Amino acid sequence: MDTILDALQEGRLFELLDNDKTDALQFLAHIIEAFPEVPAGTDVVGHVMKREEAMNTALGKGWACPHARVPFDEDLKCVIGWSPEGIDYGAPDGKPVVLVVMYLVPENQRNHYLREISFLARALENYPGLDKLRKVEDLDDIRNYLLDLIDVSKEPSGPDTRARMIRLQARTAPETLVFQDLSNLIVEPVTLVAGQNTEPVVLTQNHALFEWLDSVKDLIGRIETEGVYQNGGWRVVRRGAVNYQGSRIVYDCVAFKLIQNRPEKYK
């Protein structure tokens, strides 16, 4: 399960703040679309949702592995989403999905992907610690759960040494943001407050992002209907929304931007 190890080592483990299946899938797919290896205009969201409509990708035991097959050659990659509350995914065992591992499957990696999914399915059948999945409290617990799963699974290719190295790095490294290893990707939390007959309020600590969002005329409409807005180099993805009295809605979003030369404050 080297692809999952890669995701853990490169900071591609995220908490899913919304337990809606569609929102969770779109959120993870938009993150994949931001990968520098993915050509501009690649509709990962469309590929994932089309596949999900054709066949439910839940494996059972709290896991789901949606994927997007894309017509170009690259490495097999994945992002991992953890839902603390669990997602009503329509799993075969009827249990909510807690872990969503979304794969990007390039043309040259289809056999690799099938081998990894096959091994993962066997690991889930045999791993004695699956009950721990519903007891985790944070991303560190999820990270350790996944490393334990890989440790005891004893894949023939032997990723157990890498798993131990990743665990050691996690213990010795100072506390940092989950996104620290994505060196060419800026990630900023954004809150949007919308109401009837009022201008939307943008809340973010990034000044340039604030100025851009504050000037966008159709921002709320796009976030509400499409769940994403992209322009000016930024991609803003809706993670969730809460309705309040007075017809006000607060949108919890995250903004991504790929850059060539990363400013020192983001390193």
# chains A, B, ... in the order shown; residues from 1 in each chain; ligands from 1
$ residues_around --residues "region 47-63 of chain A" --least-positions-apart "5" --cutoff "9 Å" --atoms "only C-alpha atoms" --output "PyMOL selection string"
chain A and resi 22+25-26+29+68-70+86-87+89-102+121+124-125+130-131+133-134
$ closest_residue --among "A:Lys257, A:Tyr244, A:Ile80, A:Lys135" --to "Asn231 (chain A)" --atoms "only C-alpha atoms"
A:Lys257
$ atom_distance --atom1 "CA of Val152 (chain A)" --atom2 "CA of Glu10 (chain A)"
21.9 Å
$ select_by_dssp --residues "region 41-233 of chain A" --states "strand (DSSP E or B)" --output "VMD selection string"
chain A and resid 58 to 60 63 to 64 67 to 70 77 to 87 97 to 106 185 to 194 201 to 203 228 to 231
$ write_last_selection --atoms "N, CA and C atoms" --output "compact mmCIF listing (two decimals), in the first residue's frame"
# COMPACT_ATOMS: atom_id res chain seq x y z
N ALA A 58 -17.86 1.95 -1.78
CA ALA A 58 -17.61 1.58 -0.39
C ALA A 58 -17.12 0.14 -0.31
N LEU A 59 -16.11 -0.08 0.53
CA LEU A 59 -15.58 -1.43 0.73
C LEU A 59 -16.21 -2.12 1.93
N GLY A 60 -16.89 -1.35 2.78
CA GLY A 60 -17.38 -1.88 4.04
C GLY A 60 -16.38 -1.62 5.15
N TRP A 63 -14.76 1.95 5.26
CA TRP A 63 -13.86 2.40 4.20
C TRP A 63 -14.60 2.60 2.88
N ALA A 64 -14.11 3.56 2.09
CA ALA A 64 -14.54 3.72 0.70
C ALA A 64 -13.33 4.14 -0.12
N HIS A 67 -12.48 6.56 -7.14
CA HIS A 67 -11.31 6.83 -7.97
C HIS A 67 -11.71 7.55 -9.25
N ALA A 68 -10.72 8.17 -9.85
CA ALA A 68 -10.88 8.84 -11.14
C ALA A 68 -9.84 8.28 -12.10
N ARG A 69 -10.29 7.65 -13.16
CA ARG A 69 -9.38 7.18 -14.20
C ARG A 69 -9.18 8.30 -15.22
N VAL A 70 -7.93 8.62 -15.49
CA VAL A 70 -7.62 9.76 -16.35
C VAL A 70 -6.73 9.32 -17.51
N LYS A 77 -1.72 8.07 -7.36
CA LYS A 77 -1.76 8.93 -6.18
C LYS A 77 -3.12 8.82 -5.49
N CYS A 78 -3.14 9.20 -4.22
CA CYS A 78 -4.41 9.22 -3.51
C CYS A 78 -4.42 10.35 -2.49
N VAL A 79 -5.61 10.74 -2.09
CA VAL A 79 -5.81 11.62 -0.94
C VAL A 79 -6.73 10.88 0.02
N ILE A 80 -6.59 11.19 1.30
CA ILE A 80 -7.33 10.47 2.33
C ILE A 80 -8.18 11.45 3.12
N GLY A 81 -9.45 11.16 3.23
CA GLY A 81 -10.36 11.99 4.01
C GLY A 81 -10.91 11.21 5.19
N TRP A 82 -10.90 11.85 6.36
CA TRP A 82 -11.44 11.24 7.58
C TRP A 82 -12.70 11.99 8.00
N SER A 83 -13.79 11.26 8.17
CA SER A 83 -15.04 11.84 8.63
C SER A 83 -15.29 11.43 10.07
N PRO A 84 -15.15 12.34 11.03
CA PRO A 84 -15.36 11.98 12.44
C PRO A 84 -16.76 11.43 12.71
N GLU A 85 -17.77 11.97 12.03
CA GLU A 85 -19.15 11.53 12.27
C GLU A 85 -19.53 10.33 11.42
N GLY A 86 -18.81 10.10 10.34
CA GLY A 86 -19.16 9.03 9.43
C GLY A 86 -20.10 9.52 8.34
N ILE A 87 -19.98 8.95 7.16
CA ILE A 87 -20.76 9.36 5.99
C ILE A 87 -21.73 8.25 5.61
N VAL A 97 -19.25 5.38 6.47
CA VAL A 97 -17.86 5.40 6.02
C VAL A 97 -17.10 6.46 6.81
N VAL A 98 -15.99 6.06 7.38
CA VAL A 98 -15.15 6.95 8.18
C VAL A 98 -13.92 7.39 7.38
N LEU A 99 -13.39 6.50 6.56
CA LEU A 99 -12.21 6.80 5.76
C LEU A 99 -12.54 6.74 4.28
N VAL A 100 -12.25 7.82 3.58
CA VAL A 100 -12.42 7.87 2.13
C VAL A 100 -11.03 8.04 1.51
N VAL A 101 -10.57 7.01 0.82
CA VAL A 101 -9.28 7.06 0.15
C VAL A 101 -9.56 7.20 -1.34
N MET A 102 -9.32 8.39 -1.88
CA MET A 102 -9.64 8.66 -3.28
C MET A 102 -8.37 8.56 -4.13
N TYR A 103 -8.45 7.75 -5.17
CA TYR A 103 -7.30 7.50 -6.03
C TYR A 103 -7.41 8.25 -7.35
N LEU A 104 -6.28 8.75 -7.80
CA LEU A 104 -6.12 9.23 -9.17
C LEU A 104 -5.42 8.11 -9.93
N VAL A 105 -6.10 7.56 -10.94
CA VAL A 105 -5.59 6.39 -11.65
C VAL A 105 -5.24 6.76 -13.09
N PRO A 106 -3.99 7.10 -13.35
CA PRO A 106 -3.58 7.40 -14.73
C PRO A 106 -3.62 6.14 -15.61
N LEU A 185 1.82 24.31 -2.82
CA LEU A 185 0.38 24.52 -2.69
C LEU A 185 0.09 25.34 -1.44
N ILE A 186 -0.53 26.50 -1.63
CA ILE A 186 -0.99 27.31 -0.51
C ILE A 186 -2.43 26.93 -0.21
N VAL A 187 -2.74 26.69 1.05
CA VAL A 187 -4.09 26.34 1.47
C VAL A 187 -4.53 27.33 2.53
N GLU A 188 -5.66 27.98 2.32
CA GLU A 188 -6.16 28.98 3.25
C GLU A 188 -7.62 28.69 3.62
N PRO A 189 -7.96 28.67 4.91
CA PRO A 189 -9.37 28.56 5.29
C PRO A 189 -10.10 29.86 4.99
N VAL A 190 -11.34 29.73 4.56
CA VAL A 190 -12.16 30.90 4.21
C VAL A 190 -13.57 30.69 4.75
N THR A 191 -14.12 31.73 5.34
CA THR A 191 -15.52 31.72 5.76
C THR A 191 -16.26 32.80 4.99
N LEU A 192 -17.39 32.43 4.41
CA LEU A 192 -18.23 33.37 3.67
C LEU A 192 -19.57 33.48 4.37
N VAL A 193 -20.01 34.70 4.62
CA VAL A 193 -21.30 34.95 5.26
C VAL A 193 -22.20 35.65 4.25
N ALA A 194 -23.33 35.03 3.94
CA ALA A 194 -24.25 35.57 2.94
C ALA A 194 -25.63 35.77 3.55
N VAL A 201 -19.91 38.70 3.23
CA VAL A 201 -18.75 39.02 4.05
C VAL A 201 -17.72 37.92 3.89
N VAL A 202 -16.49 38.31 3.59
CA VAL A 202 -15.39 37.36 3.40
C VAL A 202 -14.47 37.42 4.61
N LEU A 203 -14.20 36.27 5.21
CA LEU A 203 -13.31 36.19 6.36
C LEU A 203 -12.14 35.28 6.02
N VAL A 228 -17.76 25.24 -5.91
CA VAL A 228 -16.39 25.63 -6.19
C VAL A 228 -16.38 26.91 -7.02
N TYR A 229 -15.36 27.73 -6.81
CA TYR A 229 -15.16 28.92 -7.65
C TYR A 229 -13.67 29.02 -7.93
N GLN A 230 -13.33 29.22 -9.20
CA GLN A 230 -11.92 29.31 -9.56
C GLN A 230 -11.69 30.48 -10.49
N ASN A 231 -10.70 31.28 -10.15
CA ASN A 231 -10.30 32.42 -10.98
C ASN A 231 -9.10 33.06 -10.30
$ closest_residue --among "A:Asp75, A:Asp148, A:Asp6, A:Asp252" --to "Lys132 (chain A)" --atoms "only C-alpha atoms"
A:Asp148
